[in-house]
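Listing of model.csv; format and content: CSV, C-alpha atoms.
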```
chain,number,residue,atom,x,y,z
A,45,MET,CA,-57.6,162.3,-11.2
A,46,ALA,CA,-54.5,160.1,-11.1
A,47,LYS,CA,-53.2,161.7,-14.3
A,48,LYS,CA,-53.6,165.2,-12.8
A,49,GLU,CA,-51.8,164.2,-9.6
A,50,ASN,CA,-48.8,162.9,-11.5
A,51,ASN,CA,-48.4,166.2,-13.5
A,52,GLN,CA,-44.8,167.2,-13.1
A,53,ARG,CA,-45.2,170.8,-14.4
A,54,ARG,CA,-44.4,173.4,-11.6
A,55,LEU,CA,-46.5,176.5,-11.6
A,56,LYS,CA,-44.5,179.7,-11.8
A,57,GLY,CA,-45.3,183.0,-10.1
A,58,TYR,CA,-44.8,184.9,-13.4
A,59,TYR,CA,-45.0,184.2,-17.1
A,60,GLY,CA,-42.5,184.9,-19.8
A,61,PHE,CA,-44.3,188.0,-21.1
A,62,GLN,CA,-44.0,189.7,-17.7
A,63,LYS,CA,-41.3,192.3,-17.1
A,64,LYS,CA,-41.5,192.2,-13.3
A,65,TYR,CA,-42.0,189.6,-10.6
A,66,PRO,CA,-43.2,189.8,-7.1
A,67,SER,CA,-40.6,190.0,-4.2
A,68,ARG,CA,-40.6,190.8,-0.5
A,69,ILE,CA,-40.1,194.5,-1.2
A,70,GLY,CA,-42.4,194.8,-4.1
A,71,GLU,CA,-42.2,194.0,-7.8
A,72,ARG,CA,-38.7,193.9,-9.1
A,73,PRO,CA,-37.4,193.8,-12.7
A,74,ILE,CA,-36.8,190.2,-13.9
A,75,HIS,CA,-33.5,191.0,-15.5
A,76,GLU,CA,-32.2,193.1,-12.5
A,77,SER,CA,-28.4,193.4,-12.3
A,78,ARG,CA,-26.2,192.9,-9.3
A,79,LYS,CA,-25.3,196.6,-9.3
A,80,ALA,CA,-28.9,197.6,-9.1
A,81,LYS,CA,-29.5,195.3,-6.2
A,82,LYS,CA,-26.4,196.8,-4.4
A,83,ARG,CA,-27.7,200.3,-5.0
A,84,GLU,CA,-31.0,199.4,-3.6
A,85,ARG,CA,-29.5,197.9,-0.5
A,86,ILE,CA,-27.3,201.0,0.1
A,87,ARG,CA,-30.4,203.2,-0.3
A,88,THR,CA,-32.2,201.1,2.3
A,89,ILE,CA,-29.3,201.3,4.7
A,90,LEU,CA,-28.9,205.1,4.2
A,91,PHE,CA,-32.6,205.6,4.8
A,92,CYS,CA,-32.4,203.7,8.0
A,93,VAL,CA,-29.4,205.7,9.2
A,94,LEU,CA,-31.1,209.0,8.3
A,95,LEU,CA,-34.2,208.0,10.3
A,96,CYS,CA,-32.0,207.2,13.3
A,97,CYS,CA,-30.1,210.6,13.0
A,98,LEU,CA,-33.4,212.4,12.7
A,99,PHE,CA,-34.7,210.7,15.8
A,100,VAL,CA,-31.6,211.5,17.8
A,101,GLY,CA,-31.6,215.2,16.6
A,102,ILE,CA,-35.3,215.6,17.6
A,103,PHE,CA,-34.6,214.0,21.0
A,104,VAL,CA,-31.6,216.3,21.7
A,105,PHE,CA,-33.5,219.4,20.6
A,106,ALA,CA,-36.5,218.5,22.7
A,107,LYS,CA,-34.3,217.8,25.7
A,108,PHE,CA,-32.5,221.2,25.3
A,109,CYS,CA,-35.8,223.1,25.1
A,110,TYR,CA,-37.0,221.3,28.2
A,111,ASN,CA,-33.9,222.1,30.2
A,112,LEU,CA,-33.9,225.8,29.0
A,113,SER,CA,-37.6,226.2,30.0
A,114,THR,CA,-37.1,224.7,33.5
A,115,ARG,CA,-33.8,226.4,34.3
A,116,PRO,CA,-34.2,229.1,37.0
A,117,LEU,CA,-33.1,232.6,36.0
A,118,ASP,CA,-29.8,233.9,37.4
A,119,LYS,CA,-30.9,237.2,38.9
A,120,ASN,CA,-27.3,238.3,39.5
A,121,HIS,CA,-26.4,238.4,35.8
A,122,ILE,CA,-29.6,239.6,34.0
A,123,GLU,CA,-28.6,242.1,31.4
A,124,SER,CA,-31.0,245.0,31.4
A,125,PRO,CA,-30.8,248.4,29.7
A,126,PRO,CA,-29.6,251.2,32.1
A,127,LEU,CA,-32.3,253.3,33.5
A,128,VAL,CA,-30.1,256.4,33.6
A,129,THR,CA,-28.2,257.3,30.4
A,130,ALA,CA,-26.3,260.4,29.2
A,131,ASP,CA,-29.4,261.6,27.4
A,132,ASN,CA,-31.9,261.3,30.4
A,133,ILE,CA,-29.6,261.9,33.4
A,134,GLY,CA,-31.1,265.3,34.1
A,135,THR,CA,-30.2,267.2,37.2
A,136,VAL,CA,-27.6,265.5,39.4
A,137,ARG,CA,-27.0,266.8,43.0
A,138,ALA,CA,-24.8,264.3,44.6
A,139,THR,CA,-23.2,264.1,48.0
A,140,TYR,CA,-20.3,261.8,49.0
A,141,ILE,CA,-20.9,259.2,51.7
A,142,ASP,CA,-17.8,257.9,53.5
A,143,ASN,CA,-17.3,254.1,53.6
A,144,TYR,CA,-17.4,253.9,57.4
A,145,VAL,CA,-21.0,255.1,57.3
A,146,LEU,CA,-22.0,251.8,55.7
A,147,ARG,CA,-21.1,249.9,58.8
A,148,ASP,CA,-24.6,250.3,60.1
A,149,MET,CA,-27.9,250.6,58.1
A,150,THR,CA,-29.2,253.1,60.6
A,151,ASP,CA,-26.3,255.4,60.0
A,152,LEU,CA,-26.8,255.0,56.3
A,153,GLU,CA,-30.5,255.8,56.6
A,154,ASN,CA,-29.7,258.9,58.7
A,155,ASN,CA,-27.2,260.2,56.1
A,156,LEU,CA,-29.8,259.6,53.3
A,157,ASN,CA,-32.4,261.5,55.2
A,158,SER,CA,-30.0,264.4,55.7
A,159,ALA,CA,-29.2,264.3,52.0
A,160,LYS,CA,-32.9,264.6,51.1
A,161,GLU,CA,-33.3,267.5,53.4
A,162,ASN,CA,-30.4,269.3,51.8
A,163,GLY,CA,-31.8,268.9,48.3
A,164,PHE,CA,-29.6,266.0,47.1
A,165,ASN,CA,-30.9,263.3,44.7
A,166,ALA,CA,-27.7,261.2,44.3
A,167,VAL,CA,-25.0,259.8,46.5
A,168,MET,CA,-21.4,258.8,45.6
A,169,LEU,CA,-19.6,255.8,47.1
A,170,ASP,CA,-15.9,254.7,46.6
A,171,PHE,CA,-15.8,251.4,44.8
A,172,LYS,CA,-12.0,251.7,44.3
A,173,THR,CA,-10.0,253.9,46.7
A,174,LYS,CA,-6.9,255.9,45.9
A,175,GLU,CA,-4.9,253.3,47.8
A,176,GLY,CA,-6.3,250.7,45.4
A,177,LEU,CA,-8.7,248.9,47.7
A,178,LEU,CA,-11.8,247.4,45.9
A,179,THR,CA,-14.6,247.9,48.4
A,180,TYR,CA,-16.8,245.2,46.9
A,181,ASP,CA,-16.6,241.5,46.3
A,182,SER,CA,-14.1,241.0,43.5
A,183,ASP,CA,-11.8,238.2,42.2
A,184,LEU,CA,-9.8,240.5,39.9
A,185,ILE,CA,-6.8,240.6,42.3
A,186,SER,CA,-6.0,239.1,45.7
A,187,TYR,CA,-4.4,241.2,48.4
A,188,SER,CA,-4.4,241.6,52.2
A,189,SER,CA,-4.7,245.0,53.7
A,190,ASP,CA,-4.6,246.3,57.3
A,191,GLU,CA,-7.0,249.1,56.3
A,192,GLU,CA,-10.6,248.2,57.4
A,193,TYR,CA,-13.5,249.0,55.1
A,194,ILE,CA,-17.1,248.0,54.8
A,195,GLU,CA,-17.9,245.9,51.7
A,196,ILE,CA,-20.5,247.4,49.5
A,197,ASP,CA,-23.1,244.7,48.8
A,198,SER,CA,-26.6,244.5,47.2
A,199,GLN,CA,-28.3,245.4,50.5
A,200,ILE,CA,-26.5,248.7,50.7
A,201,ILE,CA,-27.2,249.5,47.0
A,202,ASN,CA,-30.8,248.5,47.2
A,203,LYS,CA,-31.3,250.7,50.3
A,204,ILE,CA,-29.9,253.7,48.5
A,205,LYS,CA,-32.0,253.2,45.4
A,206,ALA,CA,-35.1,252.4,47.5
A,207,GLU,CA,-34.8,255.9,49.0
A,208,GLY,CA,-34.9,257.3,45.4
A,209,PHE,CA,-31.2,258.3,45.0
A,210,LEU,CA,-29.0,257.8,42.0
A,211,LEU,CA,-25.8,255.9,42.8
A,212,LEU,CA,-22.4,257.2,41.6
A,213,GLY,CA,-19.6,254.8,41.8
A,214,ARG,CA,-16.2,256.5,42.2
A,215,ILE,CA,-13.2,254.7,40.8
A,216,TYR,CA,-9.6,256.0,41.4
A,217,CYS,CA,-7.7,255.0,38.3
A,218,PHE,CA,-3.9,255.2,38.0
A,219,GLU,CA,-3.4,256.4,41.6
A,220,ASP,CA,-3.1,253.0,43.2
A,221,THR,CA,-0.6,251.5,45.6
A,222,ILE,CA,-1.8,247.9,45.5
A,223,ALA,CA,-2.4,246.9,41.9
A,224,PRO,CA,1.1,247.7,40.5
A,225,GLN,CA,2.7,244.9,42.5
A,226,ARG,CA,0.0,242.4,41.7
A,227,LEU,CA,0.0,243.2,38.0
A,228,ASN,CA,3.6,244.1,37.6
A,229,ALA,CA,2.6,247.4,36.2
A,230,TYR,CA,5.0,249.7,38.0
A,231,ILE,CA,6.3,253.1,36.9
A,232,TYR,CA,10.1,253.1,36.8
A,233,GLU,CA,12.8,255.7,37.1
A,234,ASP,CA,15.0,254.3,34.4
A,235,VAL,CA,14.6,252.8,30.9
A,236,GLU,CA,16.1,249.5,32.1
A,237,LYS,CA,13.3,249.2,34.7
A,238,THR,CA,15.5,248.5,37.7
A,239,ARG,CA,14.3,251.3,40.0
A,240,ILE,CA,10.6,251.7,40.9
A,241,TRP,CA,9.3,255.2,41.0
A,242,PHE,CA,7.6,256.6,44.1
A,243,ASP,CA,5.6,259.9,44.2
A,244,ASP,CA,7.5,260.9,47.4
A,245,SER,CA,10.4,259.9,49.5
A,246,ALA,CA,10.3,256.9,51.9
A,247,ILE,CA,10.3,259.3,54.9
A,248,MET,CA,7.2,261.0,53.5
A,249,ASN,CA,5.5,257.6,52.8
A,250,GLY,CA,5.9,257.7,49.1
A,251,LYS,CA,3.5,255.6,47.0
A,252,VAL,CA,3.7,253.8,43.7
A,253,TRP,CA,1.3,254.3,40.8
A,254,LEU,CA,-0.1,252.2,38.0
A,255,ASP,CA,1.6,252.9,34.7
A,256,PRO,CA,-0.9,254.5,32.2
A,257,THR,CA,1.1,253.2,29.3
A,258,ASN,CA,0.9,249.6,30.4
A,259,SER,CA,-2.0,247.6,28.9
A,260,LYS,CA,-2.1,245.5,32.2
A,261,SER,CA,-3.1,248.7,34.0
A,262,THR,CA,-5.9,249.8,31.6
A,263,ASN,CA,-7.2,246.2,31.2
A,264,TYR,CA,-7.5,245.9,35.0
A,265,LEU,CA,-9.3,249.3,35.4
A,266,CYS,CA,-11.7,248.5,32.6
A,267,SER,CA,-12.5,245.2,34.3
A,268,VAL,CA,-13.2,247.0,37.6
A,269,ILE,CA,-15.6,249.4,35.7
A,270,LYS,CA,-17.5,246.4,34.3
A,271,GLU,CA,-17.8,244.8,37.7
A,272,VAL,CA,-19.0,248.0,39.3
A,273,VAL,CA,-21.6,248.5,36.5
A,274,SER,CA,-22.9,244.9,37.0
A,275,MET,CA,-23.6,245.8,40.6
A,276,GLY,CA,-26.2,248.3,39.5
A,277,VAL,CA,-24.6,251.7,39.8
A,278,ASP,CA,-26.2,254.5,37.7
A,279,CYS,CA,-23.0,256.5,36.9
A,280,ILE,CA,-19.3,255.9,36.9
A,281,TYR,CA,-17.1,258.6,38.3
A,282,LEU,CA,-13.5,258.3,37.2
A,283,ASP,CA,-10.8,260.0,39.3
A,284,SER,CA,-7.0,260.3,38.9
A,285,VAL,CA,-7.0,259.8,35.2
A,286,GLN,CA,-3.6,261.3,34.8
A,287,PHE,CA,0.1,260.7,34.6
A,288,PRO,CA,1.8,261.3,38.0
A,289,GLU,CA,3.8,264.4,38.5
A,290,SER,CA,7.6,264.0,38.7
A,291,ARG,CA,9.5,265.2,41.8
A,292,THR,CA,13.1,266.4,42.4
A,293,GLY,CA,15.5,263.6,41.7
A,294,ALA,CA,12.8,261.1,40.6
A,295,VAL,CA,11.4,261.5,37.1
A,296,PRO,CA,9.1,258.7,36.0
A,297,VAL,CA,10.1,257.0,32.8
A,298,TYR,CA,7.7,255.2,30.5
A,299,THR,CA,9.4,254.5,27.2
A,300,SER,CA,12.9,254.5,25.7
A,301,ASP,CA,12.2,258.1,24.5
A,302,ASP,CA,9.5,259.9,26.4
A,303,THR,CA,9.9,263.0,24.2
A,304,THR,CA,7.7,261.2,21.6
A,305,LEU,CA,5.1,260.0,24.2
A,306,ASN,CA,1.7,261.5,23.5
A,307,ARG,CA,0.2,261.4,27.0
A,308,ASN,CA,-3.1,263.1,25.9
A,309,ILE,CA,-3.9,260.4,23.3
A,310,ILE,CA,-3.0,257.6,25.8
A,311,LEU,CA,-5.5,259.0,28.4
A,312,MET,CA,-8.1,259.7,25.7
A,313,LYS,CA,-8.0,256.1,24.5
A,314,PHE,CA,-8.3,254.8,28.1
A,315,ILE,CA,-11.4,257.0,28.6
A,316,GLU,CA,-12.9,255.6,25.4
A,317,ARG,CA,-12.4,252.1,26.7
A,318,ALA,CA,-13.9,253.1,30.1
A,319,VAL,CA,-17.0,254.5,28.4
A,320,ALA,CA,-17.4,251.2,26.4
A,321,GLY,CA,-17.0,249.2,29.6
A,322,ALA,CA,-19.7,251.3,31.3
A,323,SER,CA,-22.3,249.7,29.0
A,324,GLY,CA,-24.4,252.8,28.5
A,325,ARG,CA,-24.1,254.2,32.0
A,326,PRO,CA,-23.0,257.9,32.0
A,327,VAL,CA,-19.3,258.3,32.7
A,328,ILE,CA,-18.2,261.4,34.7
A,329,LEU,CA,-14.6,262.4,34.5
A,330,GLY,CA,-13.5,264.0,37.7
A,331,CYS,CA,-10.5,266.2,37.4
A,332,PRO,CA,-8.8,269.3,38.8
A,333,LEU,CA,-10.0,272.6,37.3
A,334,GLU,CA,-6.6,272.9,35.7
A,335,CYS,CA,-7.3,269.7,33.7
A,336,ALA,CA,-10.4,271.3,32.1
A,337,ASP,CA,-9.2,274.8,31.8
A,338,GLY,CA,-5.6,275.4,30.8
A,339,GLY,CA,-4.1,271.9,31.0
A,340,ASN,CA,-0.8,270.5,32.0
A,341,THR,CA,1.6,268.8,29.6
A,342,GLU,CA,3.1,266.4,32.2
A,343,LYS,CA,-0.1,265.2,33.8
A,344,TRP,CA,-2.5,265.1,30.9
A,345,GLY,CA,-0.6,266.1,27.8
A,346,GLY,CA,-2.8,269.1,27.5
A,347,THR,CA,-6.4,269.2,28.7
A,348,LEU,CA,-9.2,266.6,29.2
A,349,PHE,CA,-12.1,268.9,28.8
A,350,ASP,CA,-13.6,267.2,25.7
A,351,THR,CA,-13.2,263.4,25.9
A,352,ALA,CA,-15.3,260.3,25.3
A,353,ALA,CA,-16.7,260.8,28.9
A,354,ASN,CA,-20.3,262.1,28.8
A,355,ILE,CA,-19.7,264.5,31.7
A,356,CYS,CA,-16.7,266.5,32.8
A,357,SER,CA,-16.5,267.3,36.5
A,358,PRO,CA,-13.8,269.8,37.3
A,359,VAL,CA,-13.1,270.3,41.0
A,360,LEU,CA,-14.0,273.7,42.5
A,361,GLU,CA,-12.5,274.9,45.8
A,362,ALA,CA,-13.3,277.9,47.7
A,363,PRO,CA,-11.4,280.9,46.3
A,364,ASN,CA,-9.1,283.0,48.5
A,365,ASN,CA,-11.2,286.1,47.9
A,366,GLY,CA,-14.9,286.4,47.1
A,367,ASP,CA,-18.1,284.4,47.7
A,368,PHE,CA,-17.8,280.7,47.2
A,369,LEU,CA,-21.4,280.4,46.0
A,370,THR,CA,-20.9,283.1,43.4
A,371,TYR,CA,-17.8,281.4,42.2
A,372,ILE,CA,-19.6,278.1,41.8
A,373,GLU,CA,-22.4,279.7,39.8
A,374,ASN,CA,-20.1,281.6,37.5
A,375,SER,CA,-17.9,278.6,36.9
A,376,TYR,CA,-20.9,276.4,36.1
A,377,LEU,CA,-22.3,278.8,33.5
A,378,VAL,CA,-18.9,279.5,31.9
A,379,LEU,CA,-17.9,275.8,31.6
A,380,ASN,CA,-21.2,274.6,30.3
A,381,ASN,CA,-21.3,277.3,27.7
A,382,LYS,CA,-17.8,276.2,26.7
A,383,ALA,CA,-19.0,272.6,26.5
A,384,LYS,CA,-21.7,273.5,23.9
A,385,ASN,CA,-19.1,273.3,21.2
A,386,ASN,CA,-17.8,269.9,22.4
A,387,PHE,CA,-18.2,266.7,20.3
A,388,SER,CA,-18.2,264.2,23.1
A,389,THR,CA,-18.4,265.7,26.6
A,390,VAL,CA,-21.8,267.5,26.5
A,391,LYS,CA,-22.3,268.5,30.1
A,392,ILE,CA,-20.4,270.0,33.0
A,393,ILE,CA,-21.2,268.9,36.6
A,394,PRO,CA,-18.7,270.5,39.0
A,395,THR,CA,-17.3,268.7,41.9
A,396,ILE,CA,-17.4,271.0,44.9
A,397,LYS,CA,-14.7,270.3,47.4
A,398,ASN,CA,-14.7,271.3,51.1
A,399,PRO,CA,-17.9,273.3,51.1
A,400,VAL,CA,-19.1,275.3,54.0
A,401,GLU,CA,-20.9,272.9,56.4
A,402,ASN,CA,-24.2,274.6,57.1
A,403,THR,CA,-27.8,274.1,55.9
A,404,GLU,CA,-28.1,277.6,54.5
A,405,PHE,CA,-25.2,277.0,52.1
A,406,TYR,CA,-26.9,273.9,50.6
A,407,GLU,CA,-30.3,275.7,50.4
A,408,ASP,CA,-28.7,278.6,48.5
A,409,LEU,CA,-26.8,276.2,46.3
A,410,ALA,CA,-29.9,274.3,45.4
A,411,SER,CA,-31.6,277.6,44.3
A,412,SER,CA,-28.6,278.9,42.4
A,413,GLU,CA,-27.8,278.9,38.7
A,414,ALA,CA,-25.7,275.7,39.3
A,415,GLN,CA,-28.3,273.1,38.5
A,416,SER,CA,-26.0,270.0,39.0
A,417,TYR,CA,-23.1,269.5,41.4
A,418,ILE,CA,-21.2,266.8,43.4
A,419,ILE,CA,-20.2,267.6,46.9
A,420,VAL,CA,-17.0,265.9,48.3
A,421,PRO,CA,-15.1,266.5,51.5
```
What's the structure tokens form of this structure?
Amino acid sequence: MAKKENNQRRLKGYYGFQKKYPSRIGERPIHESRKAKKRERIRTILFCVLLCCLFVGIFVFAKFCYNLSTRPLDKNHIESPPLVTADNIGTVRATYIDNYVLRDMTDLENNLNSAKENGFNAVMLDFKTKEGLLTYDSDLISYSSDEEYIEIDSQIINKIKAEGFLLLGRIYCFEDTIAPQRLNAYIYEDVEKTRIWFDDSAIMNGKVWLDPTNSKSTNYLCSVIKEVVSMGVDCIYLDSVQFPESRTGAVPVYTSDDTTLNRNIILMKFIERAVAGASGRPVILGCPLECADGGNTEKWGGTLFDTAANICSPVLEAPNNGDFLTYIENSYLVLNNKAKNNFSTVKIIPTIKNPVENTEFYEDLASSEAQSYIIVP
């Protein structure tokens, strides 16, 4: 036993014929090089880093999904397809409601009831007046005005729609006395742009206009259209899509050489942008009858009968001779037959101005050949 205790031979964990020996991370080659050890260490570090990144990524994704699922919906900005489109708009019989009527919901309700009794299924409100006032809450431009108006809000819009009416939003375009100053988009009398053009003398309270050739003007108007659409209107009605008419001693100047200015193309491109901004809502182009039939070189560079707008709405006024109702019927049929050959504008809905104010007129109009119309004062 003493001999065995004094044995100096140390037992090894491996033998000479073995190729591997045990280690903390498993069996390793006996003749392992330093480079192999370094590679193994780097792999281990990279693996740990990868696990950490994977954990962080999963945590962030889970947090994002949780926040998304618990966030309340913003009801004011829900994008939904339009209920009324150019294809399903059907018959439109609209009457204009003045802004002052909106001051009291009872007055509005009385007007809507009267509209129903006279066979109307749509109403039109001014969202941008010819003076340039935006009659709804907007941050596009800031201005102060002495003119009082009732702000169109969701309560008014919901009331109109709850009564089963389509809502047409009228927007006056280049006829605007407010925006030119805010946007620096005046029309001038000279190439040097030193004299601002007015549509009448100062004694006659002349007004400025937005310059149709200025991108600031068209960008602003397209932004207005987008805002009005977001409020829930069913159709956009564009008015004053034209160049202003010159007057004696004050000819508007747009470029260094206006003889090469193609006014028709400029207005056509603006209408295209307006239709795109309407996001599928039908766009009605309101215009004088001359604009749709005959044309004018100074105002429209021709005619605007067939444009990107889905509907053309020439203004019809009572003729000097003859029956007004017969004139409306004949004009409706002739213009709609003419529109059958159009590529873009596929329908004519006349705007009837200053009609006879009596119930019989509206009853006869509702049973006439004119299936659609818009009544304005």
Contacts between region 218-229 of chain A and region 307-400 of chain A, please, where a residue of region 307-400 of chain A counts if it comes within 12 Å (with only C-alpha atoms); show its shortest atom pair and distance in Å to one decimal, rows by chain and ascending number, as a Markdown table.
```
| residue | atom | partner | partner_atom | distance |
| --- | --- | --- | --- | --- |
| A:Leu311 | CA | A:Phe218 | CA | 10.4 |
| A:Phe314 | CA | A:Phe218 | CA | 10.8 |
| A:Lys343 | CA | A:Phe218 | CA | 11.5 |
```
Would you tabulate, counting only C-alpha atoms, all residues of region 138-235 of chain A that have an atom at most 10 Å from an atom of region 411-417 of chain A, showing the closest pair of atoms and their distance in Å to one decimal, sorted by chain then ascending number, as a tab-separated table?
```
residue	atom	partner	partner_atom	distance
A:Ala138	CA	A:Tyr417	CA	6.3
A:Thr139	CA	A:Tyr417	CA	8.5
A:Gly163	CA	A:Ser411	CA	9.6
A:Phe164	CA	A:Tyr417	CA	9.3
A:Ala166	CA	A:Tyr417	CA	9.9
```
At a cut-off of 9 Å, using only C-alpha atoms, what residues contact region 285-298 of chain A? Leave out same-chain residues fewer than 6 positions from it and give the result as a short mmCIF file (atom, residue, chain, number, x, y, z; two decimals) with C-alpha atoms, in the frame of the given file.
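selection29.cif written:
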```cif
data_model
loop_
_atom_site.label_atom_id
_atom_site.label_comp_id
_atom_site.auth_asym_id
_atom_site.auth_seq_id
_atom_site.Cartn_x
_atom_site.Cartn_y
_atom_site.Cartn_z
CA TYR A 216 -9.60 256.00 41.40
CA CYS A 217 -7.70 255.00 38.30
CA PHE A 218 -3.90 255.20 38.00
CA GLU A 219 -3.40 256.40 41.60
CA ILE A 231 6.30 253.10 36.90
CA TYR A 232 10.10 253.10 36.80
CA GLU A 233 12.80 255.70 37.10
CA ASP A 234 15.00 254.30 34.40
CA VAL A 235 14.60 252.80 30.90
CA LYS A 237 13.30 249.20 34.70
CA ILE A 240 10.60 251.70 40.90
CA TRP A 241 9.30 255.20 41.00
CA PHE A 242 7.60 256.60 44.10
CA ASP A 243 5.60 259.90 44.20
CA ASP A 244 7.50 260.90 47.40
CA TRP A 253 1.30 254.30 40.80
CA ASP A 255 1.60 252.90 34.70
CA PRO A 256 -0.90 254.50 32.20
CA THR A 257 1.10 253.20 29.30
CA ASN A 258 0.90 249.60 30.40
CA LEU A 305 5.10 260.00 24.20
CA ARG A 307 0.20 261.40 27.00
CA LEU A 311 -5.50 259.00 28.40
CA PHE A 314 -8.30 254.80 28.10
CA ILE A 315 -11.40 257.00 28.60
CA LEU A 329 -14.60 262.40 34.50
CA GLY A 330 -13.50 264.00 37.70
CA CYS A 331 -10.50 266.20 37.40
CA GLU A 342 3.10 266.40 32.20
CA LYS A 343 -0.10 265.20 33.80
CA TRP A 344 -2.50 265.10 30.90
CA GLY A 345 -0.60 266.10 27.80
#
```
Quiz item: Excluding same-chain residues fewer than 3 positions from Pro326 (chain A), what lies within 6 Å of it counting only C-alpha atoms, as a list of chain:residue names?
Solution: A:Thr129, A:Ala130, A:Cys279, A:Asn354
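Between CA of Asp181 (chain A) and CA of Glu271 (chain A) the interatomic distance comes to 9.3 Å.
Counting from CA of Pro332 (chain A), the distance to CA of Val359 (chain A) is 4.9 Å.
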Exercise. Quick one: everything within 9 Å of Lys391 (chain A), counting all atoms listed in the file, minus sequence neighbours fewer than 5 positions away in the same chain. Send it as an MDAnalysis selection string.
Key: chainID A and resid 354:357 379:380 383:384
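Each of A:Arg85, A:Gly250, A:Ile196, A:Ala336 was compared to Lys382 (chain A) using only C-alpha atoms, and A:Ala336 turns out to be the nearest.
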Shell around region 148-157 of chain A at 8 Å using all atoms listed in the file, local window under 6 positions removed, as a PDB file with C-alpha atoms, keeping the file's coordinate frame:
```pdb
ATOM      1  CA  ILE A 141     -20.900 259.200  51.700  1.00  0.00           C
ATOM      2  CA  ILE A 200     -26.500 248.700  50.700  1.00  0.00           C
ATOM      3  CA  ILE A 204     -29.900 253.700  48.500  1.00  0.00           C
ATOM      4  CA  GLU A 207     -34.800 255.900  49.000  1.00  0.00           C
TER       5      GLU A 207
END
```
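Taking CA of Ile247 (chain A) as the reference point, CA of Asp170 (chain A) is found at 27.9 Å.
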Practice problem: Dig up all the protein and nucleic acid residues within 8 Å of (-18.4, 256.6, 28.4) in the file frame, using all atoms listed in the file, and format them as a PyMOL selection string. | Solution: chain A and resi 315-328+352-354
